[in-house]
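S.K.: upload-v3.csv is reproduced below (CSV, C-alpha atoms).
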chain,number,residue,atom,x,y,z
A,283,MET,CA,-28.2,9.4,18.7
A,284,ALA,CA,-24.5,10.3,18.4
A,285,GLY,CA,-23.6,13.7,19.7
A,286,SER,CA,-26.6,13.8,22.1
A,287,GLY,CA,-24.8,12.0,25.0
A,288,GLY,CA,-25.2,8.4,23.8
A,289,ALA,CA,-24.1,6.0,21.1
A,290,PRO,CA,-26.2,5.3,17.9
A,291,SER,CA,-28.8,2.6,18.0
A,292,PRO,CA,-28.0,-0.9,16.5
A,293,VAL,CA,-28.4,-1.0,12.8
A,294,PRO,CA,-28.4,-4.2,10.6
A,295,ALA,CA,-24.9,-4.8,9.3
A,296,ALA,CA,-26.3,-5.4,5.8
A,297,LYS,CA,-27.1,-1.7,5.6
A,298,LEU,CA,-23.4,-0.9,5.6
A,299,ALA,CA,-23.1,-2.6,2.2
A,300,ALA,CA,-26.3,-1.2,0.7
A,301,PRO,CA,-25.6,0.3,-2.7
A,302,GLY,CA,-26.2,4.0,-2.8
A,303,GLY,CA,-26.7,4.2,0.9
A,304,GLY,CA,-24.8,3.7,4.1
A,305,ASP,CA,-24.5,7.3,5.4
A,306,GLY,CA,-25.3,7.9,9.0
A,307,ASP,CA,-24.7,6.4,12.4
A,308,PHE,CA,-24.1,2.7,13.0
A,309,ARG,CA,-23.6,0.6,16.1
A,310,ILE,CA,-21.6,-2.6,15.4
A,311,GLY,CA,-20.1,-5.5,17.4
A,312,PRO,CA,-19.5,-7.0,19.9
A,313,GLU,CA,-18.0,-9.7,17.6
A,314,TYR,CA,-15.5,-8.7,14.9
A,315,PRO,CA,-14.8,-11.6,12.5
A,316,ARG,CA,-12.2,-10.8,9.8
A,317,SER,CA,-13.9,-9.6,6.6
A,318,PRO,CA,-14.0,-12.3,3.9
A,319,ASP,CA,-12.8,-9.6,1.5
A,320,LEU,CA,-9.4,-9.7,3.2
A,321,ALA,CA,-9.0,-13.4,2.5
A,322,ASP,CA,-6.8,-14.8,-0.3
A,323,LYS,CA,-9.2,-15.3,-3.1
A,324,GLY,CA,-6.6,-15.9,-5.7
A,325,ALA,CA,-7.0,-12.4,-7.3
A,326,PRO,CA,-4.0,-11.0,-9.2
A,327,VAL,CA,-1.6,-9.1,-7.0
A,328,GLY,CA,0.1,-5.9,-7.5
A,329,ARG,CA,3.7,-4.6,-6.9
A,330,SER,CA,5.1,-3.3,-3.6
A,331,PHE,CA,7.8,-0.8,-3.1
A,332,GLN,CA,9.6,0.9,-0.2
A,333,LEU,CA,11.6,4.1,-0.2
A,334,ILE,CA,13.4,6.3,2.4
A,335,MET,CA,12.9,10.0,2.9
A,336,LYS,CA,15.5,12.0,4.9
A,337,SER,CA,14.4,14.9,7.0
A,338,SER,CA,17.5,16.8,5.8
A,339,ASP,CA,15.9,16.9,2.3
A,340,SER,CA,12.6,18.2,3.6
A,341,ARG,CA,11.6,21.9,3.5
A,342,ILE,CA,8.6,21.2,5.7
A,343,TYR,CA,9.7,18.7,8.4
A,344,ASN,CA,13.4,18.8,8.8
A,345,GLY,CA,13.5,17.8,12.5
A,346,THR,CA,14.4,21.2,13.9
A,347,ASP,CA,10.9,22.7,14.6
A,348,GLU,CA,10.8,24.9,17.7
A,349,THR,CA,7.6,23.1,19.0
A,350,LEU,CA,9.6,19.9,19.4
A,351,LEU,CA,11.0,18.9,22.7
A,352,GLU,CA,14.8,19.3,22.7
A,353,LYS,CA,15.3,15.6,22.8
A,354,ASN,CA,13.2,15.3,19.6
A,355,ARG,CA,15.1,17.8,17.6
A,356,HIS,CA,17.3,15.7,15.4
A,357,PRO,CA,17.6,14.4,11.8
A,358,PHE,CA,15.5,11.4,11.0
A,359,GLU,CA,14.4,9.1,8.2
A,360,ARG,CA,11.0,7.9,7.3
A,361,LYS,CA,9.9,4.9,5.3
A,362,VAL,CA,7.3,5.2,2.6
A,363,PHE,CA,5.5,2.0,1.5
A,364,VAL,CA,3.8,2.0,-1.9
A,365,TYR,CA,1.4,-0.6,-3.5
A,366,VAL,CA,0.3,-0.5,-7.1
A,367,PRO,CA,-2.6,-2.9,-7.7
A,368,ALA,CA,-2.5,-5.3,-10.6
A,369,LYS,CA,-5.6,-3.6,-12.1
A,370,TYR,CA,-3.6,-0.3,-12.6
A,371,LYS,CA,-2.6,0.4,-16.2
A,372,ASP,CA,0.7,2.2,-16.6
A,373,GLY,CA,0.2,5.7,-18.0
A,374,THR,CA,-3.2,6.3,-16.6
A,375,ALA,CA,-3.7,8.9,-13.9
A,376,ALA,CA,-4.3,6.8,-10.8
A,377,PRO,CA,-6.4,7.8,-7.7
A,378,ILE,CA,-4.4,7.5,-4.5
A,379,LEU,CA,-4.9,6.6,-0.8
A,380,VAL,CA,-2.4,8.2,1.5
A,381,MET,CA,-2.1,6.3,4.9
A,382,GLN,CA,-0.6,7.7,8.1
A,383,ASP,CA,1.7,5.7,10.5
A,384,GLY,CA,3.0,3.5,7.7
A,385,PRO,CA,2.9,0.6,7.1
A,386,SER,CA,-0.3,0.7,9.3
A,387,GLN,CA,-3.1,-1.2,7.7
A,388,LEU,CA,-1.4,-1.5,4.3
A,389,ASP,CA,-1.5,-5.3,4.2
A,390,ASN,CA,-5.2,-5.3,4.7
A,391,VAL,CA,-5.6,-2.5,2.1
A,392,LYS,CA,-3.6,-4.4,-0.4
A,393,ARG,CA,-5.7,-7.5,0.0
A,394,ALA,CA,-8.9,-5.4,-0.3
A,395,LEU,CA,-7.6,-3.9,-3.5
A,396,ASP,CA,-6.6,-7.2,-4.9
A,397,ASN,CA,-10.1,-8.6,-4.3
A,398,LEU,CA,-12.3,-5.6,-4.9
A,399,THR,CA,-10.7,-4.2,-8.0
A,400,HIS,CA,-11.5,-7.5,-9.7
A,401,GLU,CA,-15.0,-7.7,-8.2
A,402,THR,CA,-17.7,-8.5,-10.9
A,403,ASP,CA,-20.4,-6.6,-9.0
A,404,PRO,CA,-20.0,-2.9,-9.9
A,405,ALA,CA,-21.5,-1.9,-6.5
A,406,ARG,CA,-18.7,-3.7,-4.8
A,407,ARG,CA,-15.8,-2.7,-7.0
A,408,LEU,CA,-12.9,-0.4,-5.9
A,409,PRO,CA,-11.1,1.9,-8.2
A,410,ALA,CA,-7.4,0.9,-8.8
A,411,PHE,CA,-5.9,3.4,-6.4
A,412,VAL,CA,-2.3,3.5,-5.5
A,413,ALA,CA,-1.8,3.0,-1.8
A,414,ILE,CA,1.0,5.2,-0.2
A,415,SER,CA,1.6,4.4,3.5
A,416,VAL,CA,3.9,7.1,5.1
A,417,ALA,CA,5.7,6.5,8.4
A,418,ASN,CA,5.5,9.3,10.9
A,419,GLY,CA,8.6,11.2,12.0
A,420,GLY,CA,8.7,9.6,15.5
A,421,GLY,CA,7.4,9.9,19.0
A,422,ASP,CA,3.8,10.7,20.0
A,423,SER,CA,1.7,13.6,21.3
A,424,LYS,CA,2.9,17.1,22.2
A,425,GLY,CA,6.5,17.9,21.6
A,426,SER,CA,7.0,15.0,19.2
A,427,GLU,CA,7.5,15.0,15.4
A,428,ARG,CA,4.5,12.7,15.0
A,429,GLY,CA,2.4,15.2,17.0
A,430,LEU,CA,3.7,18.1,15.0
A,431,GLU,CA,2.7,16.3,11.7
A,432,TYR,CA,-0.6,15.0,12.8
A,433,ASP,CA,-2.1,17.2,15.5
A,434,THR,CA,-1.4,20.6,14.1
A,435,MET,CA,-4.4,22.5,12.8
A,436,SER,CA,-3.0,23.7,9.4
A,437,ASP,CA,-2.4,22.6,5.9
A,438,ARG,CA,1.2,21.8,6.6
A,439,PHE,CA,1.0,18.0,6.5
A,440,ALA,CA,-1.2,18.1,3.4
A,441,ARG,CA,1.4,20.2,1.7
A,442,PHE,CA,4.1,17.8,2.8
A,443,ILE,CA,2.3,14.9,1.1
A,444,GLU,CA,1.5,16.9,-2.0
A,445,THR,CA,4.9,18.6,-2.6
A,446,GLU,CA,7.4,16.1,-1.1
A,447,VAL,CA,5.9,12.6,-0.7
A,448,LEU,CA,4.1,12.2,-4.0
A,449,PRO,CA,7.0,13.5,-6.1
A,450,ALA,CA,9.4,11.2,-4.2
A,451,VAL,CA,7.2,8.2,-5.1
A,452,LEU,CA,7.1,9.1,-8.7
A,453,ALA,CA,10.8,9.7,-8.9
A,454,ASP,CA,11.8,6.5,-7.1
A,455,PRO,CA,14.0,4.4,-9.4
A,456,ALA,CA,12.4,1.1,-8.6
A,457,VAL,CA,8.9,2.5,-9.1
A,458,LYS,CA,10.0,4.2,-12.4
A,459,ASP,CA,11.5,0.9,-13.6
A,460,ALA,CA,8.3,-1.0,-13.0
A,461,TYR,CA,5.9,1.8,-14.1
A,462,PRO,CA,7.7,4.3,-16.3
A,463,HIS,CA,4.6,6.2,-17.0
A,464,LEU,CA,3.0,6.1,-13.5
A,465,ALA,CA,0.9,9.3,-12.8
A,466,PHE,CA,-1.4,10.4,-10.1
A,467,THR,CA,-4.7,12.1,-10.8
A,468,SER,CA,-4.8,15.8,-10.0
A,469,ASN,CA,-8.6,15.5,-9.3
A,470,PRO,CA,-9.0,15.9,-5.5
A,471,ASP,CA,-12.0,13.7,-5.7
A,472,GLY,CA,-9.5,10.9,-6.5
A,473,HIS,CA,-7.4,11.6,-3.4
A,474,ALA,CA,-8.2,9.7,-0.2
A,475,THR,CA,-6.4,9.6,3.1
A,476,MET,CA,-6.7,7.3,6.1
A,477,GLY,CA,-5.4,7.1,9.6
A,478,CYS,CA,-6.0,6.0,13.2
A,479,SER,CA,-5.7,8.1,16.4
A,480,SER,CA,-3.6,11.2,15.6
A,481,GLY,CA,-3.3,9.8,12.1
A,482,ALA,CA,-7.0,10.1,11.8
A,483,ALA,CA,-6.9,13.7,13.0
A,484,ALA,CA,-4.3,14.3,10.3
A,485,ALA,CA,-6.7,12.8,7.7
A,486,LEU,CA,-9.5,15.2,8.8
A,487,THR,CA,-7.2,18.1,8.9
A,488,MET,CA,-5.8,17.4,5.4
A,489,GLY,CA,-9.3,17.5,3.9
A,490,TRP,CA,-10.5,20.4,6.1
A,491,PHE,CA,-7.7,22.8,5.3
A,492,ARG,CA,-7.0,21.5,1.7
A,493,PRO,CA,-10.2,20.2,0.2
A,494,ASP,CA,-8.6,21.1,-3.1
A,495,LEU,CA,-6.1,18.2,-2.4
A,496,PHE,CA,-8.0,15.6,-0.4
A,497,ARG,CA,-11.7,14.8,-0.2
A,498,ARG,CA,-12.2,11.2,0.9
A,499,LEU,CA,-11.3,10.9,4.6
A,500,ILE,CA,-11.1,7.7,6.7
A,501,THR,CA,-10.7,8.1,10.4
A,502,TYR,CA,-10.5,5.4,13.0
A,503,SER,CA,-10.4,6.4,16.7
A,504,GLY,CA,-9.9,10.0,15.6
A,505,THR,CA,-7.9,12.2,18.0
A,506,PHE,CA,-10.4,15.1,17.7
A,507,VAL,CA,-9.2,16.4,21.0
A,508,ASP,CA,-6.8,19.1,22.4
A,509,GLN,CA,-3.5,17.5,21.5
A,510,GLN,CA,-1.9,20.3,19.5
A,511,ASP,CA,1.5,21.5,20.8
A,512,ASP,CA,1.0,24.3,23.4
A,513,ASP,CA,3.7,26.4,21.8
A,514,ALA,CA,2.5,25.9,18.2
A,515,ALA,CA,1.8,29.0,16.2
A,516,GLU,CA,-1.6,27.6,15.4
A,517,GLU,CA,-2.5,27.7,19.1
A,518,ALA,CA,-3.3,31.4,18.7
A,519,LYS,CA,-6.1,30.6,16.2
A,520,PHE,CA,-7.1,27.2,17.4
A,521,PRO,CA,-6.3,27.0,21.1
A,522,LEU,CA,-8.1,23.7,21.6
A,523,GLY,CA,-6.6,21.9,18.6
A,524,ALA,CA,-8.8,19.4,16.8
A,525,TRP,CA,-11.4,19.8,19.6
A,526,GLU,CA,-12.3,23.0,17.7
A,527,TYR,CA,-13.9,20.9,14.9
A,528,HIS,CA,-16.9,20.0,16.9
A,529,SER,CA,-16.8,22.1,20.1
A,530,GLY,CA,-15.1,25.4,21.1
A,531,GLN,CA,-15.2,27.2,17.8
A,532,SER,CA,-17.4,24.4,16.3
A,533,LEU,CA,-15.7,24.8,12.9
A,534,ILE,CA,-17.8,22.2,11.2
A,535,ALA,CA,-21.0,23.9,12.3
A,536,ASN,CA,-19.8,27.4,11.6
A,537,GLU,CA,-18.2,27.1,8.2
A,538,ALA,CA,-19.8,26.4,4.8
A,539,PRO,CA,-19.9,22.7,3.9
A,540,LYS,CA,-16.8,21.5,2.2
A,541,PRO,CA,-16.8,18.8,-0.6
A,542,LEU,CA,-15.7,16.0,1.7
A,543,ARG,CA,-16.8,12.5,2.3
A,544,ILE,CA,-15.9,11.5,5.9
A,545,PHE,CA,-15.8,8.1,7.7
A,546,LEU,CA,-15.6,8.1,11.5
A,547,HIS,CA,-15.1,5.4,14.1
A,548,ASN,CA,-14.5,5.1,17.8
A,549,GLY,CA,-14.5,2.2,20.2
A,550,GLU,CA,-16.9,2.0,23.1
A,551,LYS,CA,-13.9,1.8,25.4
A,552,ASP,CA,-11.9,4.3,23.5
A,553,ASN,CA,-9.6,6.8,25.3
A,554,GLY,CA,-11.4,8.7,28.1
A,555,TYR,CA,-14.5,6.6,27.8
A,556,ASN,CA,-15.1,6.2,31.5
A,557,LYS,CA,-13.6,9.5,32.6
A,558,PRO,CA,-16.0,12.4,32.1
A,559,GLU,CA,-13.5,14.6,33.8
A,560,SER,CA,-11.1,14.0,30.9
A,561,GLY,CA,-12.9,16.8,29.1
A,562,TYR,CA,-10.9,17.9,26.0
A,563,HIS,CA,-9.3,14.4,25.9
A,564,ASN,CA,-12.4,12.2,25.6
A,565,TRP,CA,-12.2,10.4,22.3
A,566,VAL,CA,-15.7,8.9,22.5
A,567,MET,CA,-17.3,12.3,23.1
A,568,ALA,CA,-15.1,13.9,20.5
A,569,ASN,CA,-16.1,11.5,17.8
A,570,GLN,CA,-19.8,11.6,18.7
A,571,ARG,CA,-19.8,15.3,18.5
A,572,THR,CA,-18.0,15.3,15.2
A,573,ALA,CA,-20.5,12.9,13.7
A,574,ALA,CA,-23.4,15.0,15.0
A,575,ALA,CA,-21.9,18.2,13.5
A,576,LEU,CA,-21.4,16.5,10.2
A,577,LYS,CA,-24.9,15.2,10.2
A,578,ALA,CA,-26.4,18.6,11.0
A,579,LYS,CA,-24.4,20.2,8.2
A,580,GLY,CA,-25.5,17.7,5.6
A,581,TYR,CA,-22.2,16.0,4.9
A,582,HIS,CA,-21.8,12.5,3.4
A,583,TYR,CA,-20.5,10.8,6.6
A,584,ARG,CA,-20.5,7.4,8.2
A,585,TYR,CA,-20.0,6.9,11.9
A,586,LEU,CA,-19.3,3.5,13.4
A,587,PHE,CA,-19.6,3.0,17.2
A,588,ALA,CA,-17.8,-0.2,17.9
A,589,THR,CA,-19.1,-1.9,21.0
A,590,ALA,CA,-16.8,-3.9,23.3
A,591,SER,CA,-13.6,-2.5,21.7
A,592,GLY,CA,-11.0,0.1,22.5
A,593,HIS,CA,-8.6,2.5,20.8
A,594,CYS,CA,-7.7,1.6,17.2
A,595,THR,CA,-8.7,-2.1,17.8
A,596,GLY,CA,-7.2,-4.1,15.0
A,597,SER,CA,-10.0,-6.7,14.8
A,598,VAL,CA,-12.5,-3.8,14.2
A,599,GLN,CA,-10.5,-2.5,11.4
A,600,ALA,CA,-10.1,-5.9,9.8
A,601,HIS,CA,-13.8,-6.4,10.1
A,602,THR,CA,-14.9,-3.1,8.6
A,603,LEU,CA,-12.1,-2.0,6.2
A,604,PRO,CA,-13.4,-3.4,2.9
A,605,GLU,CA,-16.9,-1.8,3.5
A,606,THR,CA,-15.2,1.4,4.7
A,607,LEU,CA,-13.2,1.6,1.5
A,608,LEU,CA,-16.2,0.9,-0.7
A,609,TRP,CA,-18.2,3.6,1.1
A,610,ALA,CA,-15.3,6.1,1.0
A,611,TRP,CA,-14.8,5.6,-2.8
A,612,ARG,CA,-18.5,5.6,-3.7
A,613,GLY,CA,-19.2,7.6,-6.8
A,614,TYR,CA,-15.6,7.4,-8.2
A,615,PRO,CA,-15.2,5.7,-11.5
A,616,THR,CA,-13.8,2.1,-11.3
A,617,GLU,CA,-12.9,1.7,-14.9
Using structure tokens, write down the structure that the file contains.
M.R.:
Amino acid sequence: MAGSGGAPSPVPAAKLAAPGGGDGDFRIGPEYPRSPDLADKGAPVGRSFQLIMKSSDSRIYNGTDETLLEKNRHPFERKVFVYVPAKYKDGTAAPILVMQDGPSQLDNVKRALDNLTHETDPARRLPAFVAISVANGGGDSKGSERGLEYDTMSDRFARFIETEVLPAVLADPAVKDAYPHLAFTSNPDGHATMGCSSGAAAALTMGWFRPDLFRRLITYSGTFVDQQDDDAAEEAKFPLGAWEYHSGQSLIANEAPKPLRIFLHNGEKDNGYNKPESGYHNWVMANQRTAAALKAKGYHYRYLFATASGHCTGSVQAHTLPETLLWAWRGYPTE
């Protein structure tokens, strides 16, 4: 079992798509054919947009944070990619999926939306969510803007999305011209977020610290390890960074369950897989422990252990993404 020192036992892939089910631990692979739901089936397509956000306009990430290495303290711009599916009706309050490291898996998400919002089988139909894929601020790991945004244990990134990114999307002239009455639901159950690596850690942190804003969390190769800046103010409360979710302070085990639905994944050969001495930087161990903690606490969770694959392997995501989205959005109205 996950979390007890080994990977989950093999489970028939059909169970991943079982209506009403699909929680728990799954072992998949070693082959990863592209999901047929990412093929061009001739479904109506939506509209794509791109906007630029300047750090000089941000009150949250302006490029001068003291935790940044000196070389990383400078103004920057980030791209925000938006996709509004054809199924969306202007004036309705749309659910949203916020994606880290934009454009990331946006092309695959767009194709899944095109196909599965028009699916005739209600059990395999996605709601017409607006996909918002946000580029990071640059760099990686400790001392970088990306590390500050994604690996910090606080609600800061969730507030950035809520108070700066979403309003910027709604105010964008091209978006307003195409959808003059576009609106996003205020219901946190209609707010999903998705990322890989540190972007996955950001997704979990967004929901953990602000379940009033985000409740459907998709994490591939989650960086649930000690990668928070050593000089971050949050170090005083969470000295092991995202490792604290499942070990150290064991936040998941020791706090009351939150209204979250959480997808987890890691590759068999993910970071640190063959290095027991990596300790706080072993992605496989971190994801297994996180899954075990969620299971023990009674969360709706799904954990995929992908054999013969590594960190954020693209073929694994293309193989699993449609089923992951369907599972993540289970229970949300599609009409």
S.K.: With distances taken over only C-alpha atoms, which residue among A:Ile334, A:Ala376, A:Ala575, A:Ala417 lies nearest His528 (chain A)?
M.R.: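 Among the listed residues, the smallest separation from His528 (chain A) belongs to A:Ala575.
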S.K.: Tell me which protein, DNA and RNA residues are within 10 Å of Trp525 (chain A), counting all atoms listed in the file, leaving out same-chain ones fewer than 6 positions away, and put them as a PDB file with C-alpha atoms, keeping the file's coordinate frame.
M.R.:
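Wrote it out as part.pdb, contents follow:
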ATOM      1  CA  THR A 505      -7.900  12.200  18.000  1.00  0.00           C
ATOM      2  CA  PHE A 506     -10.400  15.100  17.700  1.00  0.00           C
ATOM      3  CA  VAL A 507      -9.200  16.400  21.000  1.00  0.00           C
ATOM      4  CA  ASP A 508      -6.800  19.100  22.400  1.00  0.00           C
ATOM      5  CA  GLN A 509      -3.500  17.500  21.500  1.00  0.00           C
ATOM      6  CA  GLN A 510      -1.900  20.300  19.500  1.00  0.00           C
ATOM      7  CA  GLN A 531     -15.200  27.200  17.800  1.00  0.00           C
ATOM      8  CA  SER A 532     -17.400  24.400  16.300  1.00  0.00           C
ATOM      9  CA  LEU A 533     -15.700  24.800  12.900  1.00  0.00           C
ATOM     10  CA  TYR A 562     -10.900  17.900  26.000  1.00  0.00           C
ATOM     11  CA  HIS A 563      -9.300  14.400  25.900  1.00  0.00           C
ATOM     12  CA  ASN A 564     -12.400  12.200  25.600  1.00  0.00           C
ATOM     13  CA  TRP A 565     -12.200  10.400  22.300  1.00  0.00           C
ATOM     14  CA  ALA A 568     -15.100  13.900  20.500  1.00  0.00           C
ATOM     15  CA  ASN A 569     -16.100  11.500  17.800  1.00  0.00           C
ATOM     16  CA  ARG A 571     -19.800  15.300  18.500  1.00  0.00           C
ATOM     17  CA  THR A 572     -18.000  15.300  15.200  1.00  0.00           C
TER      18      THR A 572
END
S.K.: Report, in Å with one decimal, the straight-line distance from CA of Val416 (chain A) to CA of Arg492 (chain A).
M.R.: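 These two atoms are separated by 18.4 Å.
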S.K.: Applying 10 Å and all atoms listed in the file, which residues near Gly384 (chain A) remain after dropping the ones on its own chain fewer than 2 positions away? List them as a CSV table (one decimal) with C-alpha atoms, in the coordinates of the input.
M.R.:
chain,number,residue,atom,x,y,z
A,360,ARG,CA,11.0,7.9,7.3
A,361,LYS,CA,9.9,4.9,5.3
A,362,VAL,CA,7.3,5.2,2.6
A,363,PHE,CA,5.5,2.0,1.5
A,364,VAL,CA,3.8,2.0,-1.9
A,380,VAL,CA,-2.4,8.2,1.5
A,381,MET,CA,-2.1,6.3,4.9
A,382,GLN,CA,-0.6,7.7,8.1
A,386,SER,CA,-0.3,0.7,9.3
A,387,GLN,CA,-3.1,-1.2,7.7
A,388,LEU,CA,-1.4,-1.5,4.3
A,414,ILE,CA,1.0,5.2,-0.2
A,415,SER,CA,1.6,4.4,3.5
A,416,VAL,CA,3.9,7.1,5.1
A,417,ALA,CA,5.7,6.5,8.4
A,418,ASN,CA,5.5,9.3,10.9
A,477,GLY,CA,-5.4,7.1,9.6
A,481,GLY,CA,-3.3,9.8,12.1
S.K.: Taking only C-alpha atoms into account, name the residue in A:Thr616, A:Asn390, A:Thr487, A:Ser597 that is nearest to Tyr365 (chain A).
M.R.: A:Asn390
S.K.: Taking all atoms listed in the file into account, name the residue in A:Glu550, A:Leu351, A:Ala515, A:Tyr527 that is nearest to Arg428 (chain A).
M.R.: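 Checking each of A:Glu550, A:Leu351, A:Ala515, A:Tyr527 against Arg428 (chain A), counting all atoms listed in the file, the winner is A:Leu351.
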S.K.: State, in Å with one decimal place, the distance from CA of Gly345 (chain A) to CA of Pro357 (chain A).
M.R.: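 Spanning CA of Gly345 (chain A) to CA of Pro357 (chain A) is a straight-line distance of 5.4 Å.
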S.K.: Counting only C-alpha atoms, figure out which residue out of A:Phe411, A:Thr402, A:Ala450, A:Gly306 gets nearest to Ala574 (chain A).
M.R.: A:Gly306
S.K.: May I have the residues within 8 Å of region 434-449 of chain A as a PDB file with C-alpha atoms, in the frame of the given file, using only C-alpha atoms and disregarding those fewer than 5 positions away in the same chain?
M.R.:
ATOM      1  CA  SER A 340      12.600  18.200   3.600  1.00  0.00           C
ATOM      2  CA  ILE A 342       8.600  21.200   5.700  1.00  0.00           C
ATOM      3  CA  TYR A 343       9.700  18.700   8.400  1.00  0.00           C
ATOM      4  CA  GLY A 429       2.400  15.200  17.000  1.00  0.00           C
ATOM      5  CA  ALA A 484      -4.300  14.300  10.300  1.00  0.00           C
ATOM      6  CA  THR A 487      -7.200  18.100   8.900  1.00  0.00           C
ATOM      7  CA  MET A 488      -5.800  17.400   5.400  1.00  0.00           C
ATOM      8  CA  PHE A 491      -7.700  22.800   5.300  1.00  0.00           C
ATOM      9  CA  ARG A 492      -7.000  21.500   1.700  1.00  0.00           C
ATOM     10  CA  LEU A 495      -6.100  18.200  -2.400  1.00  0.00           C
ATOM     11  CA  GLN A 510      -1.900  20.300  19.500  1.00  0.00           C
ATOM     12  CA  ASP A 511       1.500  21.500  20.800  1.00  0.00           C
ATOM     13  CA  ALA A 514       2.500  25.900  18.200  1.00  0.00           C
ATOM     14  CA  GLU A 516      -1.600  27.600  15.400  1.00  0.00           C
ATOM     15  CA  PHE A 520      -7.100  27.200  17.400  1.00  0.00           C
ATOM     16  CA  GLY A 523      -6.600  21.900  18.600  1.00  0.00           C
ATOM     17  CA  ALA A 524      -8.800  19.400  16.800  1.00  0.00           C
TER      18      ALA A 524
END
S.K.: Residues within 7 Å of (-17.9, -6.2, 2.0), file coordinates, counting all atoms listed in the file: what are they? Give the list as an mmCIF file with C-alpha atoms, in the frame of the given file.
M.R.:
data_model
loop_
_atom_site.group_PDB
_atom_site.id
_atom_site.type_symbol
_atom_site.label_atom_id
_atom_site.label_comp_id
_atom_site.auth_asym_id
_atom_site.auth_seq_id
_atom_site.Cartn_x
_atom_site.Cartn_y
_atom_site.Cartn_z
ATOM 1 C CA ALA A 299 -23.100 -2.600 2.200
ATOM 2 C CA SER A 317 -13.900 -9.600 6.600
ATOM 3 C CA ASP A 319 -12.800 -9.600 1.500
ATOM 4 C CA PRO A 604 -13.400 -3.400 2.900
ATOM 5 C CA GLU A 605 -16.900 -1.800 3.500
#
S.K.: What are the nearest atom pairs, with distances in Å to one decimal, for all residues of region 343-421 of chain A that come at most 9 Å from region 452-465 of chain A, using all atoms listed in the file, set out by chain and rising residue number as JSON lines?
M.R.:
{"residue": "A:Val364", "atom": "CA", "partner": "A:Val457", "partner_atom": "CA", "distance": 8.8}
{"residue": "A:Lys371", "atom": "CA", "partner": "A:Leu464", "partner_atom": "CA", "distance": 8.4}
{"residue": "A:Asp372", "atom": "CA", "partner": "A:Leu464", "partner_atom": "CA", "distance": 5.5}
{"residue": "A:Gly373", "atom": "CA", "partner": "A:His463", "partner_atom": "CA", "distance": 4.5}
{"residue": "A:Thr374", "atom": "CA", "partner": "A:Ala465", "partner_atom": "CA", "distance": 6.3}
{"residue": "A:Ala375", "atom": "CA", "partner": "A:Ala465", "partner_atom": "CA", "distance": 4.7}
{"residue": "A:Ala376", "atom": "CA", "partner": "A:Ala465", "partner_atom": "CA", "distance": 6.1}
S.K.: Check the smallest atom-to-atom distance from each of A:Phe358, A:Tyr555, A:Trp490, A:Tyr314 to Ser503 (chain A) using all atoms listed in the file, then report the winner.
M.R.: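 Among the listed residues, A:Tyr555 lies closest to Ser503 (chain A).
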S.K.: Find the residues around Glu359 (chain A) up to 6 Å (all atoms listed in the file counted), leave out those fewer than 2 positions away in its own chain, and share them as an MDAnalysis selection string.
M.R.: chainID A and resid 335:337
S.K.: Restricting the calculation to all atoms listed in the file: of A:Leu607, A:Leu542, A:Met567, A:Val598, which residue gets closest to Lys579 (chain A)?
M.R.: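 So, comparing all the options, the nearest one is A:Leu542.
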S.K.: How far is it from CA of Glu526 (chain A) to CA of Ala485 (chain A), in Å with one decimal?
M.R.: 15.3 Å
S.K.: Taking the point (-0.4, -3.7, -5.9) as given in the file, collect each protein or nucleic acid residue that comes within 6 Å of it, counting only C-alpha atoms, and present the set as a list in words.
M.R.: Val327, Gly328, Arg329, Ser330, Tyr365, Val366, Pro367 and Ala368 of chain A
S.K.: Mind dumping a table of every region 308-346 of chain A residue within 12 Å of region 588-591 of chain A, with the nearest atom pair and its distance in Å to one decimal, using only C-alpha atoms, sorted by chain and rising number, as JSON lines?
M.R.:
{"residue": "A:Phe308", "atom": "CA", "partner": "A:Ala588", "partner_atom": "CA", "distance": 8.5}
{"residue": "A:Arg309", "atom": "CA", "partner": "A:Ala588", "partner_atom": "CA", "distance": 6.1}
{"residue": "A:Ile310", "atom": "CA", "partner": "A:Ala588", "partner_atom": "CA", "distance": 5.1}
{"residue": "A:Gly311", "atom": "CA", "partner": "A:Thr589", "partner_atom": "CA", "distance": 5.2}
{"residue": "A:Pro312", "atom": "CA", "partner": "A:Thr589", "partner_atom": "CA", "distance": 5.2}
{"residue": "A:Glu313", "atom": "CA", "partner": "A:Ala590", "partner_atom": "CA", "distance": 8.2}
{"residue": "A:Tyr314", "atom": "CA", "partner": "A:Ala588", "partner_atom": "CA", "distance": 9.3}
